[in-house]
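Asks: model_5.cif is reproduced in full below (mmCIF, C-alpha atoms).
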data_work
loop_
_atom_site.label_atom_id
_atom_site.label_comp_id
_atom_site.auth_asym_id
_atom_site.auth_seq_id
_atom_site.Cartn_x
_atom_site.Cartn_y
_atom_site.Cartn_z
CA MET A 1 -43.59 -10.66 -76.70
CA SER A 2 -45.60 -8.17 -74.64
CA PHE A 3 -44.57 -6.45 -71.41
CA PRO A 4 -46.92 -6.69 -68.39
CA GLY A 5 -49.11 -3.58 -68.16
CA PRO A 6 -50.88 -1.95 -65.19
CA GLY A 7 -53.84 -4.28 -65.65
CA ASP A 8 -51.66 -7.32 -65.11
CA LEU A 9 -50.15 -5.80 -61.95
CA TYR A 10 -53.64 -5.05 -60.62
CA LYS A 11 -54.68 -8.59 -61.41
CA SER A 12 -51.65 -10.19 -59.77
CA VAL A 13 -52.17 -8.15 -56.57
CA LYS A 14 -55.90 -8.93 -56.43
CA GLU A 15 -55.28 -12.61 -57.01
CA SER A 16 -52.36 -12.93 -54.61
CA GLN A 17 -52.75 -15.05 -51.52
CA ILE A 18 -51.99 -12.09 -49.25
CA TRP A 19 -54.73 -9.90 -50.72
CA ARG A 20 -57.26 -12.70 -50.62
CA SER A 21 -56.41 -13.50 -47.01
CA PHE A 22 -57.38 -9.91 -46.11
CA PHE A 23 -60.43 -9.58 -48.34
CA ARG A 24 -62.22 -12.91 -48.41
CA GLN A 25 -65.32 -11.85 -50.29
CA PRO A 26 -65.60 -9.87 -53.47
CA TYR A 27 -66.74 -6.28 -53.14
CA PRO A 28 -70.11 -6.44 -51.33
CA ASN A 29 -72.74 -5.03 -53.64
CA THR A 30 -75.82 -6.99 -52.60
CA SER A 31 -77.53 -6.78 -49.23
CA ARG A 32 -76.54 -10.37 -48.50
CA THR A 33 -72.85 -9.86 -49.18
CA ARG A 34 -72.91 -6.56 -47.28
CA ALA A 35 -74.32 -8.35 -44.24
CA LEU A 36 -71.62 -11.01 -44.59
CA ALA A 37 -68.89 -8.38 -44.80
CA VAL A 38 -70.09 -6.84 -41.54
CA MET A 39 -70.41 -10.18 -39.77
CA ASN A 40 -67.03 -11.52 -40.86
CA ASN A 41 -64.98 -8.52 -39.77
CA VAL A 42 -63.94 -8.25 -36.15
CA PHE A 43 -64.22 -4.46 -36.11
CA LEU A 44 -67.42 -4.20 -38.10
CA HIS A 45 -69.18 -7.00 -36.27
CA LEU A 46 -69.42 -4.73 -33.24
CA HIS A 47 -72.07 -2.94 -35.27
CA PRO A 48 -75.41 -4.60 -35.86
CA VAL A 49 -75.86 -6.05 -39.33
CA ARG A 50 -79.28 -4.47 -39.57
CA VAL A 51 -80.44 -1.34 -37.82
CA LYS A 52 -84.08 -0.42 -37.27
CA ARG A 53 -85.23 2.79 -38.84
CA HIS A 54 -85.99 4.48 -35.50
CA ALA A 55 -82.56 3.57 -34.11
CA VAL A 56 -80.73 5.99 -36.38
CA ARG A 57 -82.98 8.87 -35.37
CA TYR A 58 -80.58 10.97 -33.35
CA THR A 59 -83.22 12.66 -31.21
CA TYR A 60 -84.40 9.35 -29.79
CA THR A 61 -81.23 8.43 -27.86
CA PHE A 62 -79.18 11.61 -28.37
CA CYS A 63 -76.33 9.09 -28.63
CA LEU A 64 -75.73 9.53 -24.91
CA GLY A 65 -74.50 5.98 -24.29
CA GLY A 66 -72.26 6.18 -27.34
CA ILE A 67 -70.86 9.53 -26.21
CA SER A 68 -70.19 8.09 -22.74
CA PHE A 69 -68.27 5.20 -24.29
CA PHE A 70 -66.38 7.57 -26.57
CA LEU A 71 -65.42 9.69 -23.54
CA PHE A 72 -64.28 6.52 -21.76
CA LEU A 73 -61.96 5.82 -24.71
CA VAL A 74 -60.70 9.43 -24.68
CA LEU A 75 -60.02 9.11 -20.94
CA THR A 76 -58.19 5.81 -21.41
CA VAL A 77 -55.90 7.23 -24.09
CA THR A 78 -55.22 10.60 -22.44
CA GLY A 79 -54.81 8.85 -19.07
CA LEU A 80 -52.19 6.57 -20.58
CA TYR A 81 -50.33 9.63 -21.87
CA LEU A 82 -50.46 11.31 -18.47
CA MET A 83 -49.11 8.19 -16.77
CA PHE A 84 -45.76 8.73 -18.50
CA PHE A 85 -45.21 11.92 -16.50
CA TYR A 86 -47.07 11.39 -13.25
CA VAL A 87 -45.60 9.66 -10.18
CA PRO A 88 -48.09 8.96 -7.37
CA SER A 89 -45.86 10.15 -4.54
CA VAL A 90 -46.75 12.89 -2.06
CA SER A 91 -43.45 14.62 -2.72
CA ARG A 92 -43.77 14.51 -6.51
CA ALA A 93 -47.43 14.34 -7.53
CA TYR A 94 -48.23 18.06 -7.45
CA GLN A 95 -44.89 18.99 -9.03
CA ASP A 96 -45.56 16.45 -11.78
CA ILE A 97 -48.94 18.01 -12.49
CA LEU A 98 -47.25 21.43 -12.77
CA SER A 99 -44.58 20.06 -15.07
CA ILE A 100 -47.21 18.37 -17.27
CA GLU A 101 -48.90 21.77 -17.52
CA ASN A 102 -45.75 23.78 -18.09
CA SER A 103 -42.97 21.77 -19.65
CA VAL A 104 -44.47 18.73 -21.40
CA ALA A 105 -45.29 19.25 -25.08
CA PHE A 106 -49.10 19.30 -25.43
CA GLY A 107 -49.23 18.50 -21.71
CA THR A 108 -51.82 21.14 -20.92
CA LEU A 109 -53.95 19.90 -23.81
CA VAL A 110 -53.77 16.27 -22.72
CA ARG A 111 -54.46 17.08 -19.08
CA ASN A 112 -57.40 19.31 -19.94
CA MET A 113 -58.81 16.70 -22.31
CA HIS A 114 -58.63 14.18 -19.47
CA ARG A 115 -60.23 16.55 -17.03
CA TRP A 116 -63.03 17.78 -19.30
CA ALA A 117 -63.77 14.32 -20.62
CA ALA A 118 -64.06 13.11 -17.03
CA HIS A 119 -66.52 15.85 -16.10
CA LEU A 120 -68.49 15.30 -19.29
CA MET A 121 -68.58 11.54 -18.82
CA VAL A 122 -70.27 11.89 -15.44
CA LEU A 123 -72.77 14.21 -17.11
CA THR A 124 -73.47 12.03 -20.16
CA VAL A 125 -73.75 8.85 -18.10
CA PHE A 126 -76.27 10.61 -15.89
CA LEU A 127 -78.23 11.98 -18.87
CA HIS A 128 -78.12 8.53 -20.47
CA MET A 129 -79.70 7.06 -17.37
CA ILE A 130 -82.39 9.75 -17.36
CA ARG A 131 -83.12 9.12 -21.05
CA VAL A 132 -83.45 5.37 -20.48
CA PHE A 133 -85.67 5.99 -17.47
CA TYR A 134 -88.07 8.38 -19.17
CA HIS A 135 -88.38 6.10 -22.19
CA GLY A 136 -89.18 3.17 -19.95
CA ALA A 137 -86.29 1.37 -21.63
CA TYR A 138 -85.42 -0.36 -18.36
CA LYS A 139 -88.53 -2.56 -18.60
CA PRO A 140 -88.34 -6.31 -19.35
CA PRO A 141 -86.44 -7.79 -21.10
CA ARG A 142 -83.96 -4.99 -20.36
CA GLU A 143 -84.18 -4.97 -16.57
CA PHE A 144 -80.90 -6.90 -16.22
CA ASN A 145 -79.14 -4.34 -18.40
CA TRP A 146 -80.53 -1.51 -16.28
CA VAL A 147 -78.76 -3.04 -13.26
CA VAL A 148 -75.53 -3.40 -15.25
CA GLY A 149 -75.94 0.26 -16.14
CA VAL A 150 -76.34 1.24 -12.49
CA VAL A 151 -73.07 -0.58 -11.71
CA LEU A 152 -71.43 1.35 -14.56
CA LEU A 153 -72.75 4.62 -13.13
CA LEU A 154 -71.22 3.75 -9.76
CA LEU A 155 -67.91 2.85 -11.43
CA THR A 156 -67.93 6.17 -13.30
CA LEU A 157 -68.41 8.02 -10.03
CA LEU A 158 -65.69 5.95 -8.33
CA LEU A 159 -63.29 6.69 -11.20
CA SER A 160 -64.13 10.35 -10.84
CA PHE A 161 -63.62 10.24 -7.05
CA THR A 162 -60.30 8.38 -7.20
CA GLY A 163 -58.99 10.66 -9.95
CA TYR A 164 -59.85 13.71 -7.90
CA LEU A 165 -57.12 13.01 -5.33
CA LEU A 166 -54.28 12.53 -7.81
CA PRO A 167 -53.29 16.21 -8.40
CA TRP A 168 -52.55 16.31 -4.65
CA ASP A 169 -53.55 19.93 -4.18
CA GLN A 170 -55.63 21.40 -1.37
CA ILE A 171 -59.00 20.79 -3.00
CA ALA A 172 -58.06 17.17 -3.67
CA PHE A 173 -56.83 16.60 -0.13
CA TRP A 174 -59.92 18.05 1.53
CA ALA A 175 -62.37 16.47 -0.90
CA ILE A 176 -61.01 13.02 -0.07
CA THR A 177 -60.89 13.88 3.63
CA VAL A 178 -64.59 14.75 3.52
CA GLY A 179 -65.40 11.78 1.29
CA SER A 180 -63.69 9.30 3.57
CA GLN A 181 -65.37 10.81 6.62
CA MET A 182 -68.70 9.98 4.98
CA ALA A 183 -67.55 6.37 5.10
CA THR A 184 -67.43 6.62 8.89
CA TYR A 185 -71.26 6.65 8.80
CA ALA A 186 -71.30 3.19 7.20
CA PRO A 187 -73.22 0.62 9.26
CA LEU A 188 -71.40 -2.14 11.18
CA ILE A 189 -67.87 -1.19 10.06
CA PRO A 190 -67.67 2.61 10.31
CA GLY A 191 -64.04 2.94 11.38
CA GLU A 192 -62.76 0.06 9.30
CA SER A 193 -64.29 1.31 6.05
CA SER A 194 -62.60 4.70 6.42
CA ILE A 195 -59.25 3.11 7.28
CA PHE A 196 -59.64 0.75 4.31
CA ILE A 197 -60.34 3.60 1.90
CA LEU A 198 -57.51 5.78 3.20
CA GLY A 199 -54.99 3.02 3.87
CA GLY A 200 -54.48 4.67 7.27
CA ILE A 201 -56.00 7.22 9.62
CA GLU A 202 -55.67 10.25 7.39
CA VAL A 203 -55.11 11.14 3.74
CA GLY A 204 -51.44 10.41 2.98
CA GLN A 205 -49.04 8.45 0.80
CA ASN A 206 -50.95 5.20 1.37
CA THR A 207 -54.14 6.87 0.19
CA LEU A 208 -52.48 8.31 -2.90
CA ILE A 209 -51.03 5.01 -4.16
CA ARG A 210 -54.29 3.22 -3.30
CA PHE A 211 -56.40 5.68 -5.26
CA TYR A 212 -53.90 5.68 -8.13
CA VAL A 213 -54.01 1.89 -8.56
CA PHE A 214 -57.80 1.86 -8.38
CA HIS A 215 -57.99 4.80 -10.80
CA VAL A 216 -55.63 3.58 -13.50
CA ILE A 217 -56.25 -0.15 -13.57
CA ALA A 218 -58.80 -1.71 -11.19
CA PHE A 219 -61.87 0.41 -11.90
CA PRO A 220 -61.25 0.86 -15.67
CA LEU A 221 -60.82 -2.91 -16.03
CA ILE A 222 -64.00 -3.69 -14.10
CA ALA A 223 -65.84 -0.96 -16.02
CA ALA A 224 -64.63 -2.40 -19.36
CA ILE A 225 -65.92 -5.85 -18.42
CA PHE A 226 -69.30 -4.42 -17.43
CA MET A 227 -69.40 -2.37 -20.65
CA ILE A 228 -68.87 -5.51 -22.74
CA VAL A 229 -71.82 -7.12 -20.98
CA HIS A 230 -73.84 -3.90 -21.30
CA PHE A 231 -73.37 -3.60 -25.07
CA TRP A 232 -73.84 -7.32 -25.62
CA ARG A 233 -77.15 -7.20 -23.74
CA VAL A 234 -78.31 -4.19 -25.78
CA ARG A 235 -77.83 -6.27 -28.92
CA LYS A 236 -79.46 -9.40 -27.48
CA ASP A 237 -82.43 -7.46 -26.13
CA GLY A 238 -83.25 -6.18 -29.60
CA GLY A 239 -80.83 -3.38 -30.36
CA ILE A 240 -81.01 0.23 -29.28
CA SER A 241 -84.31 0.54 -27.51
CA GLY A 242 -87.01 2.06 -29.67
CA PRO A 243 -90.26 3.75 -28.79
CA VAL A 244 -92.38 1.57 -26.55
CA MET B 245 -91.45 -46.71 -18.62
CA SER B 246 -90.41 -47.59 -22.16
CA THR B 247 -90.25 -51.20 -23.33
CA ASN B 248 -87.70 -50.82 -26.09
CA LEU B 249 -85.84 -54.09 -25.52
CA SER B 250 -82.79 -53.24 -27.55
CA TYR B 251 -81.88 -50.46 -25.08
CA GLY B 252 -83.36 -51.96 -21.94
CA PRO B 253 -85.88 -50.19 -19.76
CA VAL B 254 -85.53 -46.40 -19.56
CA THR B 255 -86.07 -45.05 -16.07
CA GLY B 256 -86.33 -41.46 -14.95
CA GLN B 257 -84.76 -39.99 -11.88
CA PRO B 258 -86.69 -41.12 -8.79
CA ALA B 259 -88.40 -38.18 -7.15
CA GLY B 260 -86.43 -36.63 -4.29
CA GLU B 261 -83.11 -38.14 -5.34
CA MET B 262 -80.19 -36.37 -6.91
CA SER B 263 -78.21 -37.87 -9.75
CA ARG B 264 -74.46 -38.26 -9.39
CA ARG B 265 -73.94 -35.74 -12.17
CA THR B 266 -76.12 -33.10 -10.51
CA PHE B 267 -74.37 -33.69 -7.22
CA MET B 268 -70.93 -33.27 -8.78
CA ARG B 269 -71.99 -30.17 -10.64
CA ARG B 270 -73.34 -28.56 -7.49
CA MET B 271 -70.22 -29.47 -5.54
CA ILE B 272 -68.08 -27.81 -8.22
CA GLY B 273 -70.32 -24.76 -7.96
CA VAL B 274 -69.99 -24.69 -4.18
CA GLY B 275 -66.19 -25.13 -4.45
CA VAL B 276 -65.78 -22.32 -6.96
CA GLY B 277 -68.04 -20.15 -4.82
CA LEU B 278 -66.02 -20.84 -1.70
CA LEU B 279 -62.75 -20.15 -3.50
CA SER B 280 -64.12 -16.86 -4.84
CA LEU B 281 -65.19 -15.84 -1.36
CA GLU B 282 -61.78 -16.76 0.01
CA PHE B 283 -60.11 -14.78 -2.75
CA LEU B 284 -62.32 -11.77 -2.07
CA GLY B 285 -61.71 -11.99 1.68
CA GLY B 286 -57.97 -12.39 1.09
CA THR B 287 -57.98 -9.33 -1.15
CA PHE B 288 -59.65 -7.23 1.52
CA ALA B 289 -57.27 -8.56 4.18
CA PHE B 290 -54.31 -7.84 1.91
CA LEU B 291 -55.43 -4.29 1.23
CA TYR B 292 -56.36 -3.51 4.83
CA PRO B 293 -53.54 -1.29 6.12
CA ASN B 294 -51.19 -2.53 8.82
CA LEU B 295 -51.16 0.36 11.26
CA THR B 296 -48.63 -1.08 13.76
CA GLY B 297 -46.05 1.49 14.82
CA GLY B 298 -47.65 4.40 12.97
CA LEU B 299 -50.68 6.62 13.37
CA GLY B 300 -53.63 4.34 14.02
CA GLY B 301 -51.60 1.77 15.93
CA GLU B 302 -49.73 1.58 19.21
CA ILE B 303 -46.73 3.91 19.17
CA PRO B 304 -43.89 3.56 21.69
CA ILE B 305 -42.75 7.11 22.46
CA GLY B 306 -39.94 6.36 24.90
CA SER B 307 -39.44 6.80 28.62
CA ALA B 308 -39.58 10.13 30.48
CA SER B 309 -35.78 10.38 30.40
CA ASP B 310 -35.79 9.70 26.61
CA ILE B 311 -38.22 12.56 26.12
CA ILE B 312 -36.24 14.95 28.32
CA SER B 313 -33.00 14.15 26.51
CA LEU B 314 -34.74 15.21 23.27
CA PHE B 315 -36.79 18.05 24.73
CA PRO B 316 -35.60 19.28 28.16
CA ASP B 317 -38.52 21.74 28.56
CA TRP B 318 -40.87 18.78 29.02
CA ALA B 319 -39.87 18.70 32.71
CA LYS B 320 -40.89 22.37 32.93
CA GLY B 321 -44.35 21.72 31.55
CA GLN B 322 -43.99 22.30 27.81
CA PRO B 323 -45.94 19.65 25.83
CA PHE B 324 -43.77 17.24 23.84
CA SER B 325 -44.71 17.17 20.16
CA TYR B 326 -44.48 13.74 18.54
CA PRO B 327 -45.14 14.28 14.81
CA LYS B 328 -45.26 10.60 13.82
CA GLY B 329 -48.31 10.18 16.03
CA ARG B 330 -49.68 13.70 15.35
CA LEU B 331 -49.84 14.22 19.10
CA PHE B 332 -48.68 16.21 22.10
CA LEU B 333 -47.62 14.32 25.20
CA VAL B 334 -48.44 16.56 28.16
CA ASN B 335 -46.58 16.24 31.47
CA ILE B 336 -49.63 16.97 33.66
CA PRO B 337 -48.02 18.04 37.03
CA ALA B 338 -45.39 20.15 35.28
CA GLY B 339 -48.01 21.59 32.95
CA LYS B 340 -50.21 22.58 35.91
CA ALA B 341 -47.28 24.38 37.52
CA LEU B 342 -46.48 26.13 34.24
CA VAL B 343 -50.06 27.38 33.93
CA ASP B 344 -50.05 28.52 37.57
CA GLY B 345 -46.90 30.50 36.89
CA LYS B 346 -44.67 28.43 39.16
CA GLU B 347 -41.22 27.11 38.44
CA ALA B 348 -41.69 23.41 37.67
CA ASN B 349 -39.32 20.50 37.40
CA VAL B 350 -41.00 17.13 37.04
CA PRO B 351 -38.52 14.87 35.25
CA ASP B 352 -40.67 11.74 35.63
CA PRO B 353 -44.46 12.22 35.92
CA LYS B 354 -45.03 8.40 35.83
CA ALA B 355 -48.56 7.81 34.57
CA GLN B 356 -49.58 11.45 34.89
CA VAL B 357 -49.31 12.16 31.19
CA LEU B 358 -51.89 12.96 28.56
CA ALA B 359 -51.65 12.32 24.81
CA LEU B 360 -53.60 14.96 22.85
CA TYR B 361 -54.40 14.51 19.16
CA ARG B 362 -53.15 17.57 17.28
CA LYS B 363 -56.11 17.61 14.89
CA CYS B 364 -58.43 20.42 15.92
CA PRO B 365 -61.93 19.00 16.60
CA HIS B 366 -63.39 22.02 14.84
CA LEU B 367 -62.39 21.47 11.20
CA GLY B 368 -59.23 19.40 11.43
CA CYS B 369 -56.38 21.93 11.27
CA GLN B 370 -53.13 21.00 12.98
CA ILE B 371 -52.92 22.66 16.36
CA PRO B 372 -49.63 24.57 16.82
CA PRO B 373 -47.40 24.27 19.92
CA LEU B 374 -48.51 25.82 23.20
CA CYS B 375 -49.00 29.58 23.02
CA GLU B 376 -46.30 31.29 25.11
CA LYS B 377 -48.60 34.13 26.20
CA SER B 378 -51.65 32.24 27.38
CA HIS B 379 -50.20 28.75 27.88
CA TRP B 380 -53.14 27.46 25.89
CA PHE B 381 -53.31 25.56 22.64
CA GLU B 382 -54.61 28.07 20.10
CA CYS B 383 -55.66 26.86 16.67
CA LEU B 384 -54.49 29.26 13.96
CA CYS B 385 -57.31 28.45 11.55
CA HIS B 386 -60.42 29.67 13.38
CA GLY B 387 -59.15 30.55 16.83
CA SER B 388 -60.36 27.62 18.92
CA LYS B 389 -58.55 27.68 22.26
CA TYR B 390 -57.82 24.81 24.63
CA THR B 391 -56.07 24.53 27.99
CA ILE B 392 -52.94 22.46 28.38
CA LEU B 393 -55.28 19.50 29.09
CA GLY B 394 -57.08 20.11 25.80
CA GLU B 395 -60.24 21.41 27.48
CA LYS B 396 -62.03 23.91 25.28
CA ARG B 397 -62.16 27.51 26.48
CA ALA B 398 -62.93 29.67 23.43
CA GLY B 399 -63.61 29.59 19.70
CA PRO B 400 -65.89 27.55 17.45
CA ALA B 401 -64.79 24.00 18.35
CA PRO B 402 -67.63 21.72 19.55
CA ARG B 403 -65.55 20.02 22.30
CA GLY B 404 -62.08 19.70 23.74
CA MET B 405 -59.13 18.12 21.93
CA ASP B 406 -59.39 14.37 21.30
CA ARG B 407 -57.10 12.08 23.31
CA PHE B 408 -55.28 8.81 22.96
CA PRO B 409 -55.00 6.31 25.83
CA THR B 410 -51.43 6.03 27.10
CA THR B 411 -49.90 3.20 29.09
CA VAL B 412 -46.60 3.08 30.96
CA GLY B 413 -44.62 -0.13 30.58
CA SER B 414 -42.56 -1.72 33.35
CA ASP B 415 -39.46 -0.11 31.78
CA GLY B 416 -41.09 3.33 32.06
CA GLN B 417 -41.79 3.43 28.33
CA TYR B 418 -44.86 5.41 27.27
CA VAL B 419 -47.00 3.62 24.67
CA VAL B 420 -49.75 5.67 23.01
CA ASN B 421 -52.56 3.77 21.35
CA THR B 422 -53.49 6.02 18.44
CA GLY B 423 -56.01 3.44 17.21
CA LYS B 424 -58.33 4.13 20.14
CA LYS B 425 -59.05 7.81 19.88
CA GLU B 426 -61.16 9.15 22.75
CA THR B 427 -63.53 12.01 22.05
CA GLY B 428 -62.43 15.19 23.77
CA PRO B 429 -64.12 16.47 26.95
CA PRO B 430 -67.35 18.48 26.49
CA ILE B 431 -67.42 22.26 26.74
CA GLY B 432 -67.42 23.35 30.37
CA THR B 433 -64.99 20.71 31.63
CA ALA B 434 -62.53 22.51 33.91
CA THR B 435 -59.99 20.33 35.72
CA PHE B 436 -57.78 23.34 36.42
CA ASP B 437 -56.87 26.61 34.69
CA THR B 438 -60.17 28.50 34.80
CA ARG B 439 -58.74 31.83 33.65
CA ASP B 440 -61.15 34.05 31.72
CA THR B 441 -60.35 34.12 28.01
CA ASP B 442 -60.92 37.92 27.85
CA LYS B 443 -58.45 38.68 30.63
CA ILE B 444 -55.33 36.98 29.27
CA PRO B 445 -53.21 37.72 26.19
CA HIS B 446 -53.45 35.31 23.22
CA CYS B 447 -51.46 34.29 20.19
CA THR B 448 -54.53 34.26 17.92
CA GLY B 449 -57.54 36.51 17.70
#
Would you write the structure of this file as structure tokens?
Replies:
Amino acid sequence: MSFPGPGDLYKSVKESQIWRSFFRQPYPNTSRTRALAVMNNVFLHLHPVRVKRHAVRYTYTFCLGGISFFLFLVLTVTGLYLMFFYVPSVSRAYQDILSIENSVAFGTLVRNMHRWAAHLMVLTVFLHMIRVFYHGAYKPPREFNWVVGVVLLLLTLLLSFTGYLLPWDQIAFWAITVGSQMATYAPLIPGESSIFILGGIEVGQNTLIRFYVFHVIAFPLIAAIFMIVHFWRVRKDGGISGPV
Amino acid sequence: MSTNLSYGPVTGQPAGEMSRRTFMRRMIGVGVGLLSLEFLGGTFAFLYPNLTGGLGGEIPIGSASDIISLFPDWAKGQPFSYPKGRLFLVNIPAGKALVDGKEANVPDPKAQVLALYRKCPHLGCQIPPLCEKSHWFECLCHGSKYTILGEKRAGPAPRGMDRFPTTVGSDGQYVVNTGKKETGPPIGTATFDTRDTDKIPHCTG
């Protein structure tokens, strides 16, 4: 009688139903099985199965769209962390920002990551648009995706604008006062658009909660939906745009 | 037209007519479109602020006797500050007497009141209470100066203080409509109080 050795253990794990439910194909070592592995995995299928040679050349796209999306993810995660300590109330908001900075572990780090990522995202989105423009990558069949991209640029700016009020300090208050006064130059509904943005006549509690809700859920959700369409269209229009 | 007898004659859609299926599909499209519009309109209506009773709506301030019970100096010409509406309610006859240096006592000015918005028309600072030395409103931020009627006399402001229309109810209650802000009087308006700014003492520079 022989005792089971390490080889038998390895074999029983590899042949178990659990293992085989995770790994449905054998180790992919041909180009066909590699393509299948990418296509059959929910995380990997976000990547194209095949990439054109020019698409991996960094200096063509400078990865600006990818960096923008990465910054969006950074902002989502750090924003979620900040939400645990921030209450959008005129009596608490500024104090909460100070306490995040001074008494929350890694609070300064998280807040600065959120702030810098936000500034950088505006920059990378803008550079991404310039890159696409100068490469003529907005031309058919990509003209629809250009418009989606313009909407995403607007959403980025709106996220930036709504986030600006939340620290509830002087610069925030006056920036939103000026911004909402610009709305009073809107055609047809000058007064109404300002009142709608502010939730009243002047920047106050109504404005703060309004901007908070738009900042933490409404705009990120809409932006995520547009990003899904944006990335999907990139793939359908032939992958990352190459030299014309 | 086909002549396959086992299926009967095959006919196309007559030109200019719509099939039942196309009609239904378009109606569903129209219905979903209408519902989306309704939903969008409802969202805007839901989010549009209700300004009744606060700044931006009609604010009942109380009758003259209510104001005097809170702030007796109103009868002697001192403007009544009403923070909820960001405004001063000026008792015009008493205010005129105060400016002229006379002893005033006007407990009920009836409709002779003026609601002045406390936001300075220069850059939006809050205008402090009437300066005791000059009996003018003097903005602390950049030194704009206004008479007790909010007419501009000195400083960088482009016009006089903005106003709100005020009505007096049958019960003597003053109601200020802060939703209908009236642009302040232009520079040079002088109803009374034409004192030279250089010849009187001020609270601000």
Asks: What is the distance, in Å and to one decimal place, between CA of Gly204 (chain A) and CA of Ala93 (chain A)?
Replies: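 Computing the Euclidean distance for CA of Gly204 (chain A) and CA of Ala93 (chain A) yields 11.9 Å.
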Asks: For each of B:Leu374, B:Met262, B:Ile336, B:Leu367, take the minimum atom-to-atom distance to Trp174 (chain A), counting only C-alpha atoms, then give the residue where this is smallest.
Replies: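 Of B:Leu374, B:Met262, B:Ile336, B:Leu367, the one nearest Trp174 (chain A) is B:Leu367, counting only C-alpha atoms.
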Asks: Please provide the set of residues having any atom within 8 Å of Glu395 (chain B), restricted to all atoms listed in the file, with same-chain residues fewer than 6 positions apart removed, written as a PyMOL selection string.
Replies: chain B and resi 403-405+428-434
Asks: Please write the residues from the selection above to a file, keeping C-alpha atoms, as a tab-separated table (two decimals), in the coordinates of the input.
Replies:
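Saved result, out-v7.tsv, follows:
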chain	number	residue	atom	x	y	z
B	403	ARG	CA	-65.55	20.02	22.30
B	404	GLY	CA	-62.08	19.70	23.74
B	405	MET	CA	-59.13	18.12	21.93
B	428	GLY	CA	-62.43	15.19	23.77
B	429	PRO	CA	-64.12	16.47	26.95
B	430	PRO	CA	-67.35	18.48	26.49
B	431	ILE	CA	-67.42	22.26	26.74
B	432	GLY	CA	-67.42	23.35	30.37
B	433	THR	CA	-64.99	20.71	31.63
B	434	ALA	CA	-62.53	22.51	33.91
Asks: Pull out every residue of chain B that has at least one atom within 8 Å of chain A, counting all atoms listed in the file, and report them as a PyMOL selection string.
Replies: chain B and resi 291-293+295+299-300
Asks: Restricting the output to C-alpha atoms, write the selected residues as a CSV table (one decimal), in the coordinates of the input.
Replies:
chain,number,residue,atom,x,y,z
B,291,LEU,CA,-55.4,-4.3,1.2
B,292,TYR,CA,-56.4,-3.5,4.8
B,293,PRO,CA,-53.5,-1.3,6.1
B,295,LEU,CA,-51.2,0.4,11.3
B,299,LEU,CA,-50.7,6.6,13.4
B,300,GLY,CA,-53.6,4.3,14.0
Asks: Could you tell me how far CA of Gln417 (chain B) lies from CA of Gly329 (chain B), in Å and to one decimal?
Replies: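 Going from CA of Gln417 (chain B) over to CA of Gly329 (chain B) covers 15.5 Å.
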Asks: If you measure from CA of Leu98 (chain A) to CA of Leu157 (chain A), what distance in Å do you get, rounded to one decimal?
Replies: 25.2 Å
Asks: So that I can see what lies close to Tyr361 (chain B), please list as a PyMOL selection string the residues with an atom at most 9 Å from it, counting all atoms listed in the file and leaving out residues fewer than 5 positions away in the same chain.
Replies: chain B and resi 329-332+371+405-408+422+425
Asks: So that I can check the surroundings of Ala35 (chain A), please list as a ChimeraX atom specification every protein, DNA and RNA residue that reaches within 9 Å of it, counting only C-alpha atoms and ignoring chain neighbours fewer than 6 positions away.
Replies: /A:28,49-50
Asks: Let's have the selection written as a compact mmCIF listing (two decimals), in the coordinates of the input, with C-alpha atoms.
Replies:
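The resulting out-v9.txt:
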# COMPACT_ATOMS: atom_id res chain seq x y z
CA PRO A 28 -70.11 -6.44 -51.33
CA VAL A 49 -75.86 -6.05 -39.33
CA ARG A 50 -79.28 -4.47 -39.57
Asks: Name every residue that the PyMOL selection byres ((chain A and resi 74) around 12) selects in this structure, writing the answer as a list in words with chains first and numbers rising.
Replies: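 Applied to this file, the PyMOL selection byres ((chain A and resi 74) around 12) returns Ile67, Ser68, Phe69, Phe70, Leu71, Phe72, Leu73, Leu75, Thr76, Val77, Thr78, Gly79, Leu80, Tyr81, Val110, Arg111, Asn112, Met113, His114, Arg115, Trp116, Ala117, Ala118, Leu120 and Met121 of chain A.
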Asks: Which is closest to Gln170 (chain A) among A:Pro187, A:Tyr94, A:Phe126, A:Tyr212, if we use only C-alpha atoms?
Replies: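 Selected residue with least distance to Gln170 (chain A): A:Tyr94.
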